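Please read the structure below before turning to the comments.
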Amino acid sequence: MAVPAAGCTVLKEDSTEKENSKIMTAFVVDEVSNIVKEAIESAIGGNAYQHSKVNQWTTNVVEQTLSQLTKLGKPFKYIGSCTVRWENKTMYCIVSAFGLSI
Amino acid sequence: MVYRDGHIDETRPEGSGPASRCGSVLGPTSSFLRCNSLAGPGAGLEGRRPSLGPLPPLGSRVSFSGLPLAAARWAEPSYRTEPAPGERWEAARAQWALEAVLQAGLRDACYSGAEAGRLARELCELVRVRLRELSPPRYELVCSVVLGPRAGQGVRVVSRALWDAARDGLASAAITNTSLFAVATVHGLYCE
C-alpha cells in the first residue's frame with residue numbers, strides 16, 4: 001500500500017494503487033477548506049478590527065494558506081485571495097483558494 | 001511567490017469604497033479550461049471533487065455561482081514548457097480589458113443588496129469571456145470580482161499565488177462610482 005502524503009485523507013486497506021493516486025493528485029475541497037479555516041483562526045482569531053494590523057492579518061492568512069497547501073505535495077499551482085471588509089470593530093474576512101493541476 | 005495588494009478605504013479622508021463579496025470560502029467563482037492532469041485521462045473528472053461523489057450528467061450541471069457550466073473542454077498536453085514567443089501573458093493588455101469591461105458593465109449602476117449578487121456574477125462571466133478572447137492560447141484564467149456599496153467602510157483585497165513567475169501573471173482593475181465600487185482580478189497561468 002502506498003504511503004499517503006501528509007494531509008491526505010485516510011486510505012482504505014484494500015484501495016487499489018490507481019485510487020490512491022487519484023486521491024493524492026486530486027483537489028480535495030474539504031481538506032483545503034480546513035486549511036483555510038485554520039489559517040484564518042490562527043492569523044486573526046477572535047480579534048476585533050485594528051486598522052494598523054489589517055495589512056499583516058491579510059498577508060498572514062494568505063501566506064499561511066498557501067504554505068499549508070504547498071505542504072500537501074500535490075501537483076497544483078495555487079492562487080489564494082483574501083478580502084477583508086471592516087466597519088467599527090467588526091470584520092468580515094473572505095478567503096478563497098484555487099488549485100490548478102499541472 | 002508573487003503578490004498583489006489592493007486597498008480601498010473610506011474610513012480615511014482619501015480613498016474610496018468598501019466591499020462585500022458574494023463569493024465564499026469554497027470553490028471557484030468561474031469555470032476555467034482544464035488540461036489533462038498527471039493522473040491520466042480516466043482520472044480527470046472523477047478525481048477532481050471526490051468529496052461530492054459521482055458527478056451529475058454534463059447537461060444538468062451548474063457552477064457554484066449558479067450559472068450553467070459549459071461542457072468541459074480538454075486540451076491535449078502540448079509538452080511545451082514555455083509559451084511560444086508572442087504568446088505570453090501581457091498584464092497591461094489584460095488590465096485595459098478589465099477596465100473596459102467594468103466601465104461598460106457598471107456605467108450608471110446603483111448598488112442594491114438584492115441585485116448585487118446577480119450583478120457580480122454577470123460581471124465575472126463577462127470578464128471571463130472577454131479575457132478568454134484576449135489572452136494567449138494555453139493560458140488558464142481565474143477571474144474574480146468584488147462588488148460592494150460605498151457606505152463609509154474600508155476594504156482590502158489581497159491575493160497570493162504559487163505559480164511560475166516567468167510565465168504566469170495577473171491583472172486587476174478597480175472602479176468606483178457614487179454608490180458602489182468593484183474590483184476585478186484575473187490570474188493567467190500557463191498550462192503546457
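Residues are named by chain letter and number: chains run A, B, ... in the order of the C-alpha cells, numbers start at 1 in each chain, and ligands are numbered from 1 in the order shown.
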Pull out every residue of chain A that has at least one atom within 9 Å of chain B, counting only C-alpha atoms, and report them as JSON, numbers by chain. {"A": [18, 19, 21, 22, 23, 25, 26, 27, 28, 29, 30, 32, 33, 36, 37, 54, 55, 58, 59, 62, 63, 66, 70, 75, 76, 77, 78, 79, 80, 81, 82, 83, 84, 85, 86, 87, 88, 92, 94, 95, 96, 97, 98, 100, 101, 102]}
Saved selection, atoms kept: N, CA and C atoms, as a compact mmCIF listing (two decimals), in the first residue's frame:
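Saved the output as selection-v4.txt:
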# COMPACT_ATOMS: atom_id res chain seq x y z
N LYS A 18 -4.43 2.70 -8.17
CA LYS A 18 -4.99 3.75 -9.02
C LYS A 18 -5.86 4.70 -8.20
N GLU A 19 -6.64 4.15 -7.27
CA GLU A 19 -7.47 5.03 -6.44
C GLU A 19 -6.61 5.88 -5.54
N SER A 21 -3.65 6.93 -6.19
CA SER A 21 -3.01 8.02 -6.93
C SER A 21 -4.04 9.07 -7.32
N LYS A 22 -5.30 8.67 -7.51
CA LYS A 22 -6.35 9.65 -7.81
C LYS A 22 -6.53 10.60 -6.64
N ILE A 23 -6.56 10.02 -5.41
CA ILE A 23 -6.77 10.87 -4.24
C ILE A 23 -5.58 11.79 -4.04
N THR A 25 -3.61 13.06 -6.17
CA THR A 25 -3.46 14.14 -7.15
C THR A 25 -4.75 14.89 -7.34
N ALA A 26 -5.70 14.77 -6.42
CA ALA A 26 -6.97 15.47 -6.56
C ALA A 26 -7.01 16.65 -5.61
N PHE A 27 -7.82 17.62 -5.98
CA PHE A 27 -8.03 18.80 -5.15
C PHE A 27 -9.20 18.47 -4.23
N VAL A 28 -8.94 18.11 -3.01
CA VAL A 28 -10.00 17.67 -2.09
C VAL A 28 -10.53 18.90 -1.36
N VAL A 29 -11.78 19.23 -1.66
CA VAL A 29 -12.32 20.51 -1.19
C VAL A 29 -12.36 20.57 0.33
N ASP A 30 -12.75 19.47 0.97
CA ASP A 30 -12.86 19.50 2.44
C ASP A 30 -11.52 19.74 3.09
N VAL A 32 -8.93 21.25 1.82
CA VAL A 32 -8.46 22.63 1.61
C VAL A 32 -9.27 23.60 2.47
N SER A 33 -10.56 23.35 2.63
CA SER A 33 -11.34 24.30 3.43
C SER A 33 -10.92 24.24 4.89
N VAL A 36 -7.86 26.43 5.12
CA VAL A 36 -8.21 27.85 5.08
C VAL A 36 -8.76 28.30 6.43
N LYS A 37 -9.65 27.48 7.02
CA LYS A 37 -10.24 27.88 8.31
C LYS A 37 -9.17 27.99 9.39
N VAL A 54 -4.43 45.26 9.93
CA VAL A 54 -5.17 44.55 8.89
C VAL A 54 -4.25 44.11 7.74
N ASN A 55 -3.24 44.94 7.43
CA ASN A 55 -2.29 44.53 6.39
C ASN A 55 -1.65 43.20 6.73
N THR A 58 -4.13 40.14 6.68
CA THR A 58 -4.49 39.60 5.37
C THR A 58 -3.32 38.85 4.77
N THR A 59 -2.13 39.44 4.85
CA THR A 59 -1.00 38.73 4.25
C THR A 59 -0.70 37.44 5.00
N VAL A 62 -3.22 34.64 3.89
CA VAL A 62 -3.00 34.08 2.56
C VAL A 62 -1.69 33.31 2.51
N GLU A 63 -0.65 33.85 3.13
CA GLU A 63 0.63 33.14 3.06
C GLU A 63 0.57 31.82 3.82
N LEU A 66 -1.35 29.30 1.67
CA LEU A 66 -0.56 28.79 0.56
C LEU A 66 0.54 27.85 1.03
N THR A 70 0.93 24.01 -0.07
CA THR A 70 2.15 23.52 -0.70
C THR A 70 2.66 22.27 0.00
N PRO A 75 0.51 18.04 -7.22
CA PRO A 75 0.99 18.77 -8.40
C PRO A 75 0.01 19.86 -8.82
N PHE A 76 -0.10 20.91 -8.02
CA PHE A 76 -1.02 22.00 -8.32
C PHE A 76 -0.31 23.34 -8.24
N LYS A 77 -0.77 24.28 -9.07
CA LYS A 77 -0.45 25.69 -8.82
C LYS A 77 -1.60 26.24 -7.98
N TYR A 78 -1.29 27.12 -7.05
CA TYR A 78 -2.32 27.64 -6.16
C TYR A 78 -2.44 29.15 -6.28
N ILE A 79 -3.67 29.63 -6.13
CA ILE A 79 -3.92 31.06 -6.02
C ILE A 79 -4.77 31.26 -4.78
N GLY A 80 -4.34 32.16 -3.90
CA GLY A 80 -5.14 32.43 -2.72
C GLY A 80 -5.49 33.90 -2.69
N SER A 81 -6.73 34.21 -2.26
CA SER A 81 -7.06 35.62 -2.14
C SER A 81 -7.86 35.83 -0.88
N CYS A 82 -7.70 37.00 -0.30
CA CYS A 82 -8.38 37.33 0.95
C CYS A 82 -8.98 38.72 0.80
N THR A 83 -10.27 38.84 1.09
CA THR A 83 -10.95 40.14 1.05
C THR A 83 -11.43 40.43 2.46
N VAL A 84 -11.02 41.57 3.00
CA VAL A 84 -11.45 41.93 4.35
C VAL A 84 -12.27 43.21 4.27
N ARG A 85 -13.41 43.20 4.92
CA ARG A 85 -14.26 44.40 4.98
C ARG A 85 -14.45 44.74 6.45
N TRP A 86 -14.31 45.99 6.79
CA TRP A 86 -14.42 46.32 8.21
C TRP A 86 -15.35 47.50 8.44
N GLU A 87 -15.98 47.49 9.60
CA GLU A 87 -16.86 48.58 10.00
C GLU A 87 -16.82 48.66 11.51
N ASN A 88 -16.41 49.77 12.08
CA ASN A 88 -16.17 49.88 13.53
C ASN A 88 -15.24 48.76 13.97
N TYR A 92 -15.33 41.31 8.32
CA TYR A 92 -15.65 40.13 7.54
C TYR A 92 -14.37 39.74 6.78
N ILE A 94 -13.07 37.09 3.85
CA ILE A 94 -13.47 36.08 2.84
C ILE A 94 -12.20 35.59 2.19
N VAL A 95 -11.94 34.30 2.28
CA VAL A 95 -10.71 33.74 1.72
C VAL A 95 -11.09 32.72 0.66
N SER A 96 -10.45 32.77 -0.48
CA SER A 96 -10.69 31.74 -1.48
C SER A 96 -9.36 31.16 -1.93
N ALA A 97 -9.37 29.87 -2.26
CA ALA A 97 -8.16 29.20 -2.71
C ALA A 97 -8.49 28.43 -3.97
N PHE A 98 -7.70 28.63 -5.01
CA PHE A 98 -7.89 27.91 -6.26
C PHE A 98 -6.70 26.99 -6.46
N LEU A 100 -4.90 24.64 -9.52
CA LEU A 100 -4.92 24.27 -10.94
C LEU A 100 -3.88 23.20 -11.17
N SER A 101 -4.31 22.07 -11.70
CA SER A 101 -3.35 20.98 -11.84
C SER A 101 -2.41 21.25 -12.99
N ILE A 102 -1.18 20.78 -12.79
CA ILE A 102 -0.17 21.00 -13.83
C ILE A 102 0.16 19.67 -14.51
Env of Lys89 (chain A): 9 Å cut, atoms = only C-alpha atoms, seq-sep filter 6 positions within chain, self excluded. Answer as a CSV table (one decimal) with N, CA, C and O atoms, in the first residue's frame.
chain,number,residue,atom,x,y,z
A,47,ASN,N,-10.1,38.4,17.1
A,47,ASN,CA,-9.7,39.8,17.4
A,47,ASN,C,-10.7,40.7,16.8
A,47,ASN,O,-11.3,40.5,15.7
A,48,ALA,N,-10.9,41.9,17.4
A,48,ALA,CA,-11.6,43.0,16.8
A,48,ALA,C,-10.8,43.7,15.8
A,48,ALA,O,-9.5,43.5,15.8
A,49,TYR,N,-11.4,44.5,15.0
A,49,TYR,CA,-10.7,45.1,13.9
A,49,TYR,C,-9.7,46.2,14.5
A,49,TYR,O,-10.0,47.0,15.3
A,50,GLN,N,-8.5,46.1,14.0
A,50,GLN,CA,-7.5,47.2,14.3
A,50,GLN,C,-6.8,47.6,13.0
A,50,GLN,O,-6.2,46.7,12.3
Spatial neighbours of Ile35 (chain A), max dist 8 Å, only C-alpha atoms, sep filter under 4 positions, as a ChimeraX atom specification: /A:31,39,65,68-69
Surrounding residues of region 80-93 of chain B excluding itself and chain neighbours under 2 positions, 12 Å, only C-alpha atoms, as a PyMOL selection string: (chain A and resi 102) or (chain B and resi 76-78+95-100+130-141+164-173+185-192)
Just asking: which residues within region 81-150 of chain B are alpha helix (DSSP H) according to DSSP, as a ChimeraX atom specification? /B:91-106,113-134
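Those residues that approach region 102-115 of chain B to within 8 Å, counting only C-alpha atoms, are Leu123, Gly148, Pro149, Ala174, Ile175, Asn177, Ser179, Leu180, Ala182 and Ala184 of chain B; same-chain residues fewer than 5 positions away are not listed.
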Export, as a CSV table (one decimal), in the first residue's frame, the selected residues with C-alpha atoms.
chain,number,residue,atom,x,y,z
B,123,LEU,CA,-19.7,40.8,-14.4
B,148,GLY,CA,-19.8,46.4,-2.8
B,149,PRO,CA,-21.6,49.5,-1.7
B,174,ALA,CA,-11.0,48.8,-9.8
B,175,ILE,CA,-13.7,51.4,-10.5
B,177,ASN,CA,-19.0,55.5,-8.6
B,179,SER,CA,-22.9,54.3,-4.9
B,180,LEU,CA,-20.7,51.3,-5.4
B,182,ALA,CA,-15.9,47.0,-8.0
B,184,ALA,CA,-11.9,42.7,-10.8
As an exercise, work out the distance from CA of Leu72 (chain A) to CA of Arg128 (chain B) in Å and give it to one decimal place.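 Taking CA of Leu72 (chain A) and CA of Arg128 (chain B), their separation equals 29.2 Å.
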